[in-house]
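First the structure, in the form of structure tokens, and then the observations on it.
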Amino acid sequence: MFSHLPAGFLWGASTFGLRSSASGKPDFSILFSEKPCTVAFVSTTNRFCGEPVKLCRKRFATGEKIRGVVVNVGIANVNTGEEGYQNAEEICALSAQKLGISPEELFGASTGVIGKPLPMDAIRTGIAEKFPSLSSDPKPFTEGILTTDLVAKTASKELSNGIKIFGTCKGSGMIEPNMATMLAFVVTDAAIEATELQKMWKRVVAKTFNAVSVDGDTSTSDMAFLFASGEKSLLGSPLDKGELEGVEFESGLLEVCTSLAKQIAADGEGTTKMLETRVNGAKTEEDAKKIAKSVINSNLWKCALFGNDPNWGRILCAMGYAGAEFDPQKVSLTLCETPLMTHGKVENFDANALSQKISCCKEVVLEIFLYEGDAQFTAYGCDLSYKYVEINAEYHT
């Protein structure tokens, strides 16, 4: 049973047979609000973005209240032209008719194989005959949105003022977000003005979902949604009127999304270890981010981790080409609480003992100290295993 669920949100999923294999798993999911919501939204920067991404951008730009989102898996509806866009519109229209709302009140999302048209006959039949039944239990939705994920990903938080936040997401491969994550859905019962909600969401996304990388590939279909029902005001006023409570809300939202981001990294395709890279003491946050993401994305370092090899030279290499400003003679490194380098000098550590320590870790923490300023950034990634190659070698054919 999930805790800290905001009231007023309904969830559901059904099996339309949209997956490439006859798995019997749910593949068409709905998140629905019993009343119109204020929404914050970010999406992929990939120029080959999916047709549902274009549809969501258009509907979000109107500033109108939204009631929910429908999600299909199996086919991503990317590079499918005008027909693909019309199919995305039709899915929302048919679903809206079932829900008794207007089509413009629904977002749509798709995830799966790129370049193939949606199986619209199966979707039309599914919506007509097997439309998801909705309840306050989000479990069917959290499982119905998964593709190569091995586990559902959820996180929640209740603030001191009683406001609740709940989030779920999917993502395992093709993960290097830039403005969003794979597909993320967060709901809250807080009352927040739309402009402030969007600013807050972009700040939180930058520190969480945009800090994740599994393989360096920015998906064509990435989107992240935050729905605020407005059921609970703070001190009798909207959230933007209470500065301290606004800070607490953003902190809670950050906690939920950080948890989701780390779960994505831990469930990376074929991964055996989650890697957390903390860069401290950079001149700017941008420098810290460049270094953290560069190390996270280094295939050589990811392979070394898979082999439990504390090959710190690969860390230095990735830092050096990150495009950030720092003095190599000041750098200190710590891996799994073992000092590797202090102010540019290599420590005389026991590599075999550290290798054994790494082999026992599901979460490997690397700390980098630059001593250039006060800025910091933490990125999340994973190792690169034989299984990752197998999954992606066989994904399409």
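Every chain in the structure tokens takes a letter, A first, then B, and so on in the order presented; its residues are numbered from 1, and the ligands are numbered from 1 following the presented order.
Backbone DSSP over segment 134-230 of chain A gives alpha helix (DSSP H) for Lys139, Pro140, Phe141, Thr142, Glu143, Gly144, Ala194, Thr195, Glu196, Leu197, Gln198, Lys199, Met200, Trp201, Lys202, Arg203, Val204, Val205, Ala206 and Lys207 of chain A.
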Per-residue DSSP, segment 36-130 of chain A, filtered to strand (DSSP E), as a ChimeraX atom specification = /A:36-43,66-75,106-113
Could you tell me which of A:Ala190, A:Leu197, A:Ala353, A:Leu370 comes closest to Gln329 of chain A if we count only C-alpha atoms?
->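 That would be A:Leu370, the residue with the smallest distance to Gln329 of chain A.
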For Thr208 of chain A, which residue out of A:Cys49, A:Leu253, A:Val70, A:Ala93 is the nearest one, using only C-alpha atoms?
-> A:Leu253
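You will find atom CA of Leu31 of chain A at 12.8 Å from atom CA of Ala7 of chain A.
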